[in-house]
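protein_28.tsv, holding TSV, C-alpha atoms and all ligand atoms:
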chain	number	residue	atom	x	y	z
A	1240	MET	CA	0.00	0.00	0.00
A	1241	PRO	CA	1.31	3.44	-0.84
A	1242	HIS	CA	1.82	6.80	0.62
A	1243	THR	CA	-0.42	8.63	3.16
A	1244	ALA	CA	0.72	11.85	4.66
A	1245	VAL	CA	-0.64	10.99	8.07
A	1246	SER	CA	0.01	13.54	10.73
A	1247	ASP	CA	0.38	12.27	14.27
A	1248	HIS	CA	-3.11	13.16	15.47
A	1249	ARG	CA	-5.12	11.62	12.70
A	1250	LEU	CA	-5.45	8.48	10.73
A	1251	GLY	CA	-5.16	8.57	6.97
A	1252	LEU	CA	-8.00	7.74	4.62
A	1253	LEU	CA	-7.04	4.12	4.03
A	1254	GLN	CA	-6.72	3.34	7.74
A	1255	ARG	CA	-10.09	4.95	8.41
A	1256	LEU	CA	-11.71	2.94	5.63
A	1257	ALA	CA	-10.21	-0.23	7.04
A	1258	SER	CA	-12.04	0.36	10.30
A	1259	GLY	CA	-15.38	1.67	9.01
A	1260	PRO	CA	-17.24	3.87	6.57
A	1261	VAL	CA	-16.05	7.38	5.67
A	1262	VAL	CA	-18.34	10.32	4.86
A	1263	CYS	CA	-17.28	13.09	2.50
A	1264	ALA	CA	-19.61	16.05	2.00
A	1265	GLU	CA	-19.40	17.63	-1.42
A	1266	GLY	CA	-21.74	20.03	-3.20
A	1267	TYR	CA	-19.97	23.30	-2.47
A	1268	LEU	CA	-20.83	24.89	-5.82
A	1269	PHE	CA	-24.57	24.49	-5.45
A	1270	GLU	CA	-24.76	25.41	-1.78
A	1271	LEU	CA	-22.67	28.57	-2.14
A	1272	GLU	CA	-24.69	29.48	-5.24
A	1273	ARG	CA	-27.91	29.17	-3.24
A	1274	ARG	CA	-26.40	31.29	-0.48
A	1275	GLY	CA	-25.63	34.05	-2.97
A	1276	TYR	CA	-21.84	33.89	-3.14
A	1277	LEU	CA	-21.19	32.03	-6.37
A	1278	GLN	CA	-22.57	32.44	-9.89
A	1279	ALA	CA	-24.42	29.65	-11.67
A	1280	GLY	CA	-23.22	29.25	-15.23
A	1281	ALA	CA	-19.44	29.26	-15.33
A	1282	PHE	CA	-19.57	27.80	-11.79
A	1283	VAL	CA	-16.02	28.89	-10.96
A	1284	PRO	CA	-15.32	28.95	-7.20
A	1285	GLU	CA	-14.19	32.58	-7.07
A	1286	VAL	CA	-15.86	32.63	-3.66
A	1287	VAL	CA	-12.64	31.27	-2.15
A	1288	MET	CA	-11.03	34.64	-3.01
A	1289	GLU	CA	-14.03	36.93	-2.62
A	1290	HIS	CA	-15.69	35.49	0.49
A	1291	PRO	CA	-13.25	33.06	2.13
A	1292	ASP	CA	-15.19	33.22	5.40
A	1293	LYS	CA	-18.26	31.76	3.67
A	1294	VAL	CA	-16.24	28.81	2.39
A	1295	VAL	CA	-14.76	28.17	5.83
A	1296	GLN	CA	-18.25	28.40	7.33
A	1297	LEU	CA	-19.60	25.76	4.94
A	1298	HIS	CA	-16.61	23.49	5.57
A	1299	ARG	CA	-17.35	23.77	9.28
A	1300	GLU	CA	-21.07	23.09	8.80
A	1301	PHE	CA	-20.37	19.94	6.81
A	1302	VAL	CA	-17.91	18.67	9.43
A	1303	HIS	CA	-20.39	19.53	12.19
A	1304	ALA	CA	-22.98	17.51	10.27
A	1305	GLY	CA	-20.73	14.47	10.00
A	1306	SER	CA	-18.28	14.82	7.13
A	1307	ASP	CA	-14.99	13.05	7.89
A	1308	VAL	CA	-13.33	14.94	5.06
A	1309	VAL	CA	-12.79	18.61	4.28
A	1310	GLU	CA	-12.47	18.83	0.53
A	1311	ALA	CA	-10.61	21.87	-0.73
A	1312	PHE	CA	-12.97	23.82	-2.94
A	1313	THR	CA	-10.96	23.62	-6.15
A	1314	TYR	CA	-13.68	22.03	-8.27
A	1315	TYR	CA	-13.57	23.90	-11.61
A	1316	ALA	CA	-10.66	26.00	-10.33
A	1317	HIS	CA	-8.64	24.67	-13.24
A	1318	ARG	CA	-6.85	26.41	-16.08
A	1319	GLU	CA	-9.53	25.70	-18.70
A	1320	LYS	CA	-12.36	27.19	-16.62
A	1321	LEU	CA	-10.31	30.22	-15.63
A	1322	ARG	CA	-9.37	30.75	-19.28
A	1323	VAL	CA	-13.09	30.76	-20.16
A	1324	ILE	CA	-13.77	33.57	-17.65
A	1325	GLY	CA	-10.54	35.42	-18.54
A	1326	LYS	CA	-8.94	35.02	-15.12
A	1327	GLU	CA	-6.07	32.60	-15.59
A	1328	ASP	CA	-3.96	34.84	-13.37
A	1329	LEU	CA	-6.14	33.75	-10.44
A	1330	LEU	CA	-5.46	30.05	-10.98
A	1331	GLU	CA	-2.65	29.51	-8.52
A	1332	PRO	CA	-3.84	31.94	-5.82
A	1333	MET	CA	-7.33	30.43	-5.99
A	1334	ASN	CA	-6.04	26.88	-5.59
A	1335	ARG	CA	-3.66	27.78	-2.78
A	1336	GLN	CA	-6.33	29.79	-0.98
A	1337	ALA	CA	-8.91	26.97	-1.26
A	1338	LEU	CA	-6.39	24.52	0.15
A	1339	ALA	CA	-5.48	26.86	3.01
A	1340	LEU	CA	-9.14	27.39	3.97
A	1341	ALA	CA	-9.87	23.67	3.98
A	1342	SER	CA	-6.66	22.92	5.83
A	1343	GLN	CA	-7.60	25.31	8.61
A	1344	VAL	CA	-10.93	23.52	9.21
A	1345	ALA	CA	-9.41	20.05	8.90
A	1346	ALA	CA	-6.73	20.92	11.46
A	1347	ASP	CA	-9.29	22.35	13.89
A	1348	SER	CA	-11.65	19.39	13.59
A	1349	GLY	CA	-9.39	16.39	13.04
A	1350	ALA	CA	-11.08	15.71	9.68
A	1351	LEU	CA	-9.09	14.53	6.69
A	1352	LEU	CA	-7.95	17.11	4.17
A	1353	ALA	CA	-8.59	16.29	0.51
A	1354	GLY	CA	-7.34	17.97	-2.62
A	1355	ASN	CA	-9.54	17.92	-5.69
A	1356	VAL	CA	-9.29	17.72	-9.47
A	1357	CYS	CA	-12.20	17.20	-11.83
A	1358	ASN	CA	-13.54	16.96	-15.35
A	1359	THR	CA	-11.75	19.41	-17.63
A	1360	ASN	CA	-14.42	19.36	-20.36
A	1361	ILE	CA	-11.75	19.27	-23.10
A	1362	TYR	CA	-10.94	15.54	-23.07
A	1363	ASP	CA	-10.67	13.97	-26.51
A	1364	HIS	CA	-9.00	10.59	-26.92
A	1365	ASP	CA	-7.81	11.51	-30.41
A	1366	ASP	CA	-6.47	14.94	-29.53
A	1367	ALA	CA	-2.93	14.58	-28.25
A	1368	GLN	CA	-2.62	18.27	-27.56
A	1369	ALA	CA	-5.76	18.30	-25.40
A	1370	ARG	CA	-4.44	15.28	-23.51
A	1371	ARG	CA	-1.14	17.04	-22.88
A	1372	GLN	CA	-3.00	20.11	-21.69
A	1373	ILE	CA	-5.11	18.02	-19.31
A	1374	GLY	CA	-2.05	16.24	-17.96
A	1375	ALA	CA	-0.47	19.61	-17.21
A	1376	MET	CA	-3.67	20.90	-15.57
A	1377	PHE	CA	-3.85	17.88	-13.26
A	1378	ALA	CA	-0.15	18.10	-12.46
A	1379	GLU	CA	-0.27	21.75	-11.43
A	1380	GLN	CA	-3.37	21.40	-9.25
A	1381	ILE	CA	-2.14	18.22	-7.59
A	1382	GLY	CA	1.25	19.83	-7.04
A	1383	TRP	CA	-0.40	22.66	-5.10
A	1384	ALA	CA	-2.50	20.13	-3.19
A	1385	ALA	CA	0.61	18.17	-2.23
A	1386	GLU	CA	2.29	21.37	-1.06
A	1387	GLY	CA	-0.88	22.08	0.91
A	1388	ARG	CA	-0.27	18.77	2.70
A	1389	VAL	CA	-3.50	17.05	1.75
A	1390	ASP	CA	-4.15	13.54	3.07
A	1391	PHE	CA	-5.43	12.38	-0.31
A	1392	VAL	CA	-6.73	13.68	-3.63
A	1393	ILE	CA	-10.24	13.30	-5.02
A	1394	GLY	CA	-10.55	13.09	-8.80
A	1395	GLU	CA	-14.24	13.47	-9.55
A	1396	THR	CA	-17.13	13.93	-11.94
A	1397	PHE	CA	-15.38	12.40	-14.94
A	1398	TRP	CA	-17.50	11.45	-17.98
A	1399	PHE	CA	-14.49	9.91	-19.67
A	1400	ALA	CA	-12.90	7.08	-17.73
A	1401	GLU	CA	-9.70	7.72	-19.68
A	1402	GLU	CA	-9.61	11.23	-18.27
A	1403	ALA	CA	-10.11	9.72	-14.81
A	1404	LEU	CA	-7.16	7.42	-15.48
A	1405	MET	CA	-5.07	10.47	-16.34
A	1406	ALA	CA	-6.06	12.12	-13.05
A	1407	LEU	CA	-5.16	8.93	-11.20
A	1408	GLU	CA	-1.73	8.84	-12.84
A	1409	ALA	CA	-1.08	12.44	-11.78
A	1410	ILE	CA	-2.15	11.70	-8.20
A	1411	GLN	CA	0.11	8.66	-8.11
A	1412	ARG	CA	3.01	10.73	-9.37
A	1413	ALA	CA	2.54	12.88	-6.26
A	1414	ALA	CA	2.54	9.70	-4.14
A	1415	LEU	CA	-0.87	10.49	-2.62
A	1416	PRO	CA	-3.86	8.22	-2.03
A	1417	SER	CA	-6.64	8.60	-4.60
A	1418	VAL	CA	-10.43	8.61	-4.63
A	1419	ILE	CA	-11.63	8.51	-8.25
A	1420	THR	CA	-15.32	8.90	-9.00
A	1421	LEU	CA	-17.15	9.00	-12.30
A	1422	ALA	CA	-20.32	10.86	-13.24
A	1423	ALA	CA	-22.86	8.38	-14.61
A	1424	HIS	CA	-24.85	10.13	-17.30
A	1425	ARG	CA	-28.10	8.96	-18.94
A	1426	SER	CA	-26.57	6.41	-21.29
A	1427	GLY	CA	-25.42	4.20	-18.41
A	1428	VAL	CA	-21.89	3.94	-19.81
A	1429	THR	CA	-18.83	6.20	-19.82
A	1430	ARG	CA	-18.19	8.35	-22.87
A	1431	GLU	CA	-15.86	5.62	-24.14
A	1432	GLY	CA	-18.76	3.17	-23.86
A	1433	TRP	CA	-17.43	1.26	-20.85
A	1434	THR	CA	-19.83	0.15	-18.15
A	1435	TYR	CA	-19.17	1.82	-14.82
A	1436	ALA	CA	-18.14	-1.53	-13.37
A	1437	GLU	CA	-15.61	-1.97	-16.16
A	1438	ALA	CA	-14.34	1.60	-15.78
A	1439	CYS	CA	-13.93	1.18	-12.03
A	1440	ARG	CA	-12.14	-2.14	-12.50
A	1441	ARG	CA	-9.69	-0.48	-14.87
A	1442	LEU	CA	-9.10	2.30	-12.35
A	1443	VAL	CA	-8.41	-0.27	-9.65
A	1444	ASP	CA	-6.08	-2.18	-11.96
A	1445	ALA	CA	-4.23	1.11	-12.47
A	1446	GLY	CA	-3.88	1.52	-8.71
A	1447	ALA	CA	-6.79	3.69	-7.52
A	1448	ASP	CA	-7.38	3.42	-3.77
A	1449	VAL	CA	-11.13	4.17	-3.85
A	1450	VAL	CA	-13.40	4.15	-6.92
A	1451	GLY	CA	-17.05	4.82	-7.60
A	1452	LEU	CA	-19.62	7.37	-8.70
A	1453	ASN	CA	-20.41	10.96	-7.85
A	1454	CYS	CA	-22.81	13.64	-9.03
A	1455	THR	CA	-25.39	13.55	-11.81
A	1456	ARG	CA	-27.61	10.75	-10.49
A	1457	GLY	CA	-29.90	10.86	-7.48
A	1458	PRO	CA	-30.03	8.05	-4.93
A	1459	ALA	CA	-32.74	6.08	-6.76
A	1460	THR	CA	-30.83	5.89	-10.04
A	1461	MET	CA	-27.32	5.59	-8.64
A	1462	LEU	CA	-28.14	2.68	-6.35
A	1463	PRO	CA	-28.82	0.14	-9.15
A	1464	LEU	CA	-25.30	0.73	-10.55
A	1465	LEU	CA	-23.47	0.00	-7.32
A	1466	ASP	CA	-23.79	-3.81	-7.08
A	1467	ASP	CA	-21.89	-4.36	-10.32
A	1468	ILE	CA	-19.17	-1.91	-9.34
A	1469	VAL	CA	-18.66	-3.55	-5.94
A	1470	ALA	CA	-18.51	-6.97	-7.60
A	1471	ALA	CA	-15.96	-5.76	-10.15
A	1472	VAL	CA	-13.34	-4.26	-7.84
A	1473	GLY	CA	-12.56	-6.89	-5.24
A	1474	ASP	CA	-11.47	-5.46	-1.90
A	1475	THR	CA	-11.12	-1.89	-3.11
A	1476	PRO	CA	-13.48	0.48	-1.28
A	1477	VAL	CA	-16.33	1.77	-3.44
A	1478	ALA	CA	-17.59	5.36	-3.24
A	1479	ALA	CA	-21.15	6.59	-3.82
A	1480	LEU	CA	-21.94	10.32	-3.75
A	1481	PRO	CA	-25.29	10.96	-5.44
A	1482	VAL	CA	-26.96	14.32	-5.88
A	1483	PRO	CA	-29.85	14.58	-3.38
A	1484	TYR	CA	-32.58	14.83	-6.02
A	1485	ARG	CA	-35.49	12.54	-6.89
A	1486	THR	CA	-34.30	11.18	-10.20
A	1487	THR	CA	-36.29	8.42	-11.91
A	1488	PRO	CA	-35.63	5.69	-14.48
A	1489	ALA	CA	-37.15	7.95	-17.14
A	1490	GLU	CA	-35.14	10.98	-15.93
A	1491	PRO	CA	-32.11	9.34	-14.30
A	1492	THR	CA	-29.92	12.45	-13.97
A	1493	PHE	CA	-30.58	15.83	-12.44
A	1494	GLN	CA	-29.87	17.43	-15.80
A	1495	SER	CA	-32.69	15.38	-17.36
A	1496	LEU	CA	-35.38	16.19	-14.77
A	1497	ARG	CA	-38.43	18.06	-16.06
A	1498	ASP	CA	-40.89	20.00	-13.91
A	1499	PRO	CA	-44.51	19.50	-15.00
A	1500	HIS	CA	-45.71	22.03	-12.39
A	1501	TYR	CA	-43.90	25.10	-13.71
A	1502	ASP	CA	-43.43	26.23	-17.26
A	1503	GLY	CA	-41.61	29.50	-16.69
A	1504	LEU	CA	-38.12	28.11	-16.36
A	1505	PRO	CA	-35.33	29.98	-18.09
A	1506	GLY	CA	-33.77	27.38	-20.35
A	1507	GLY	CA	-36.84	25.17	-19.95
A	1508	VAL	CA	-35.33	22.76	-17.43
A	1509	PRO	CA	-34.91	22.81	-13.65
A	1510	PHE	CA	-31.14	22.20	-13.86
A	1511	PRO	CA	-29.27	23.85	-12.31
A	1512	THR	CA	-31.11	26.68	-10.51
A	1513	ALA	CA	-34.68	25.41	-10.12
A	1514	LEU	CA	-34.22	21.91	-8.76
A	1515	ASP	CA	-35.84	22.80	-5.42
A	1516	PRO	CA	-39.04	20.75	-5.90
A	1517	PHE	CA	-36.96	17.62	-6.46
A	1518	VAL	CA	-34.78	17.77	-3.34
A	1519	CYS	CA	-34.69	14.53	-1.37
A	1520	ASN	CA	-35.68	14.69	2.25
A	1521	ARG	CA	-33.27	13.52	4.93
A	1522	TYR	CA	-35.05	10.19	5.37
A	1523	GLU	CA	-34.57	9.32	1.71
A	1524	ILE	CA	-30.86	10.01	2.17
A	1525	ALA	CA	-30.79	7.68	5.16
A	1526	ASP	CA	-32.59	4.98	3.15
A	1527	PHE	CA	-30.06	5.32	0.34
A	1528	THR	CA	-27.16	5.16	2.76
A	1529	ILE	CA	-28.39	1.93	4.33
A	1530	ALA	CA	-29.07	0.35	0.94
A	1531	ALA	CA	-25.69	1.43	-0.43
A	1532	ARG	CA	-23.94	0.07	2.61
A	1533	GLU	CA	-25.71	-3.24	2.12
A	1534	ALA	CA	-24.51	-3.18	-1.49
A	1535	GLY	CA	-20.95	-2.92	-0.16
A	1536	VAL	CA	-20.24	0.81	-0.44
A	1537	ARG	CA	-17.69	2.10	2.08
A	1538	TYR	CA	-17.05	5.72	1.11
A	1539	PHE	CA	-20.22	7.81	1.27
A	1540	GLY	CA	-21.12	11.34	0.39
A	1541	LEU	CA	-23.43	13.69	-1.40
A	1542	CYS	CA	-22.77	15.97	-4.32
A	1543	CYS	CA	-24.46	19.03	-5.85
A	1544	GLY	CA	-27.53	20.07	-3.89
A	1545	ALA	CA	-26.43	18.61	-0.57
A	1546	ALA	CA	-27.07	20.57	2.59
A	1547	PRO	CA	-25.88	19.83	6.12
A	1548	HIS	CA	-29.10	18.09	7.18
A	1549	HIS	CA	-28.56	15.56	4.40
A	1550	VAL	CA	-25.00	14.92	5.53
A	1551	ARG	CA	-26.09	14.42	9.14
A	1552	SER	CA	-28.75	11.96	8.03
A	1553	MET	CA	-26.15	10.00	6.07
A	1554	ALA	CA	-23.71	9.95	8.99
A	1555	GLU	CA	-26.41	8.85	11.43
A	1556	ALA	CA	-27.55	6.07	9.08
A	1557	LEU	CA	-23.96	4.79	9.29
A	1558	GLY	CA	-24.15	4.75	13.08
A	1559	MET	CA	-22.19	7.94	13.63
A	1560	ALA	CA	-23.15	10.70	16.04
A	1561	PRO	CA	-21.71	13.94	14.68
A	1562	PRO	CA	-21.96	17.14	16.76
A	1563	ALA	CA	-25.11	18.12	14.83
A	1564	SER	CA	-26.86	15.02	16.14
A	1565	ARG	CA	-27.42	16.95	19.35
A	1566	TYR	CA	-30.15	18.72	17.40
A	1567	SER	CA	-31.61	15.78	15.50
A	1568	SER	CA	-35.38	15.91	15.65
A	1569	ASP	CA	-37.35	14.67	18.63
A	1570	MET	CA	-41.01	15.37	18.02
A	1571	SER	CA	-42.24	13.89	21.30
A	1572	LYS	CA	-42.45	17.35	22.90
A	1573	HIS	CA	-43.86	19.14	19.88
A	1574	ALA	CA	-46.80	21.27	21.02
A	1575	PHE	CA	-49.32	19.76	18.62
A	1576	LEU	CA	-47.76	16.60	17.23
A	1577	GLY	CA	-46.01	15.31	20.33
A	1578	SER	CA	-46.90	12.43	22.59
A	1579	ASP	CA	-45.12	13.47	25.79
A	1580	THR	CA	-47.36	13.25	28.85
A	1581	ALA	CA	-46.11	16.66	30.03
A	1582	LEU	CA	-47.97	18.31	27.16
A	1583	ALA	CA	-51.15	20.10	28.26
A	1584	PRO	CA	-54.29	18.23	27.18
A	1585	GLN	CA	-55.49	21.19	25.13
A	1586	GLU	CA	-52.30	20.91	23.04
A	1587	ALA	CA	-52.27	17.20	22.43
A	1588	GLY	CA	-54.45	15.88	19.69
A	1589	ILE	CA	-54.53	19.11	17.70
A	1590	GLY	CA	-52.12	17.59	15.19
A	1591	SER	CA	-54.83	15.82	13.27
A	1592	LYS	CA	-56.62	19.13	12.71
A	1593	LEU	CA	-53.60	21.04	11.38
B	1601	ZN	ZN	-22.02	17.34	-8.24
If you convert what's in this file into structure tokens, what do you get?
Amino acid sequence: MPHTAVSDHRLGLLQRLASGPVVCAEGYLFELERRGYLQAGAFVPEVVMEHPDKVVQLHREFVHAGSDVVEAFTYYAHREKLRVIGKEDLLEPMNRQALALASQVAADSGALLAGNVCNTNIYDHDDAQARRQIGAMFAEQIGWAAEGRVDFVIGETFWFAEEALMALEAIQRAALPSVITLAAHRSGVTREGWTYAEACRRLVDAGADVVGLNCTRGPATMLPLLDDIVAAVGDTPVAALPVPYRTTPAEPTFQSLRDPHYDGLPGGVPFPTALDPFVCNRYEIADFTIAAREAGVRYFGLCCGAAPHHVRSMAEALGMAPPASRYSSDMSKHAFLGSDTALAPQEAGIGSKL
């Protein structure tokens, strides 16, 4: 087994996975967009420069809710995205700042610190120049992550498994543990046409430490893919980080959801700024977590759309009691819906009339 930059007061990712499940909250883009600090569209995390306190706050909320990992918010903080918005000069400061903010919260809380690289959106198997560009993008971001003393690096949301393999290679070159997750789009296969089980097996063969799926699919449409992945990868821990939206077999991804109750959507579809009516409740997240654990998943999380109450529900379903569990609901003393004998008789029983 390779690597791990384990500091004396914490256990590295692989040791933690050997002793039980790990939770990693993701979904920073969507949550900071909802809070009014990040623009939908380009979805570049400029918030790490403009409102660093808001990023730190969300890191803390996710840890409070049960995340074992603080993931540096460098999703889409890569050279291609910054080129698109004309701010390539911000690339390095943005990455270093995101790592520093996450590091601060990880150090305070004892959570693991993860670096992050992601889909570049320019992958083309037949374009050697694009591949070279991608290799350089991964190398520079992972280099900054290594200098930021991350415990491991997450490579995520890849449509092309070959691009994921490139990310893995770059992470291995930095001698860091890797979590590599693919985004399962509508077709049910990667852009190369590999099944997700096949893609994950190839990633494991290439040395990935954790493999699986993130983003795009909600719990109901990610779950059916997990059995085959678990079966394909032997002892390697499998990751599942769905988006917390009610996707269906007919509309298996959050991009494909349609809202029959509202026809005024700019762009015609709920994705990405009008997905509110489809948000899973916390109990659905718990159900998914239990089912995924039974399927053999060991690395859990939620992606775009996740809020702290979802993360807490996931952690609790895994038997954890994060600090936020102090405030988990107890309706027994609710004025109208409760059953506690201390409730005045005029209060009890009103629930059925509400
Ligand atoms: Zn996502």
Go through chain A and flag each residue having an atom no more than 10 Å from ligand ZN 1601 (chain B); for those, report the closest pair of atoms plus their distance in Å to one decimal, using only C-alpha atoms and all ligand atoms, ordered by chain and rising number, as CSV.
residue,atom,partner,partner_atom,distance
A:Glu1265,CA,B:ZN1601,ZN,7.3
A:Gly1266,CA,B:ZN1601,ZN,5.7
A:Tyr1267,CA,B:ZN1601,ZN,8.5
A:Leu1268,CA,B:ZN1601,ZN,8.0
A:Phe1269,CA,B:ZN1601,ZN,8.1
A:Tyr1314,CA,B:ZN1601,ZN,9.6
A:Glu1395,CA,B:ZN1601,ZN,8.8
A:Thr1396,CA,B:ZN1601,ZN,7.0
A:Ala1422,CA,B:ZN1601,ZN,8.4
A:Asn1453,CA,B:ZN1601,ZN,6.6
A:Cys1454,CA,B:ZN1601,ZN,3.9
A:Thr1455,CA,B:ZN1601,ZN,6.2
A:Arg1456,CA,B:ZN1601,ZN,8.9
A:Leu1480,CA,B:ZN1601,ZN,8.3
A:Pro1481,CA,B:ZN1601,ZN,7.7
A:Val1482,CA,B:ZN1601,ZN,6.3
A:Pro1483,CA,B:ZN1601,ZN,9.6
A:Phe1493,CA,B:ZN1601,ZN,9.7
A:Leu1541,CA,B:ZN1601,ZN,7.9
A:Cys1542,CA,B:ZN1601,ZN,4.2
A:Cys1543,CA,B:ZN1601,ZN,3.8
A:Gly1544,CA,B:ZN1601,ZN,7.5
A:Ala1545,CA,B:ZN1601,ZN,8.9
Practice problem: Identify which of the residues A:Arg1335, A:Asp1328, A:Pro1291, A:Leu1340 lies closest to A:Val1309, counting all atoms listed in the file when measuring atom-to-atom distances. | Solution: A:Leu1340
Quiz item: Between A:Glu1331, A:Asp1448, A:Asp1292, A:Glu1310, which is the closest to A:Ala1257 once you count all atoms listed in the file?
Solution: A:Asp1448
Practice problem: Identify, on the basis of all atoms listed in the file, every residue whose closest approach to A:Glu1272 does not exceed 12 Å; exclude the query and any residue fewer than 3 positions from it along the same chain; express the result as a VMD selection string. | Solution: chain A and resid 1266 to 1269 1275 to 1286 1293 to 1294 1297 1511 to 1513 1543 to 1545
Exercise. Considering all atoms listed in the file, state which residue in the set A:Cys1357, A:Ala1345, A:Met1288, A:Val1443 is at the smallest distance from A:Leu1330.
Key: A:Met1288
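For stretch 1573-1578 of chain A, the list of residues within 12 Å, based on all atoms listed in the file and with local chain neighbours fewer than 5 positions off taken out, reads Ser1568, Ala1583, Pro1584, Gln1585, Glu1586, Ala1587, Gly1588, Ile1589, Gly1590, Ser1591, Lys1592 and Leu1593 of chain A.
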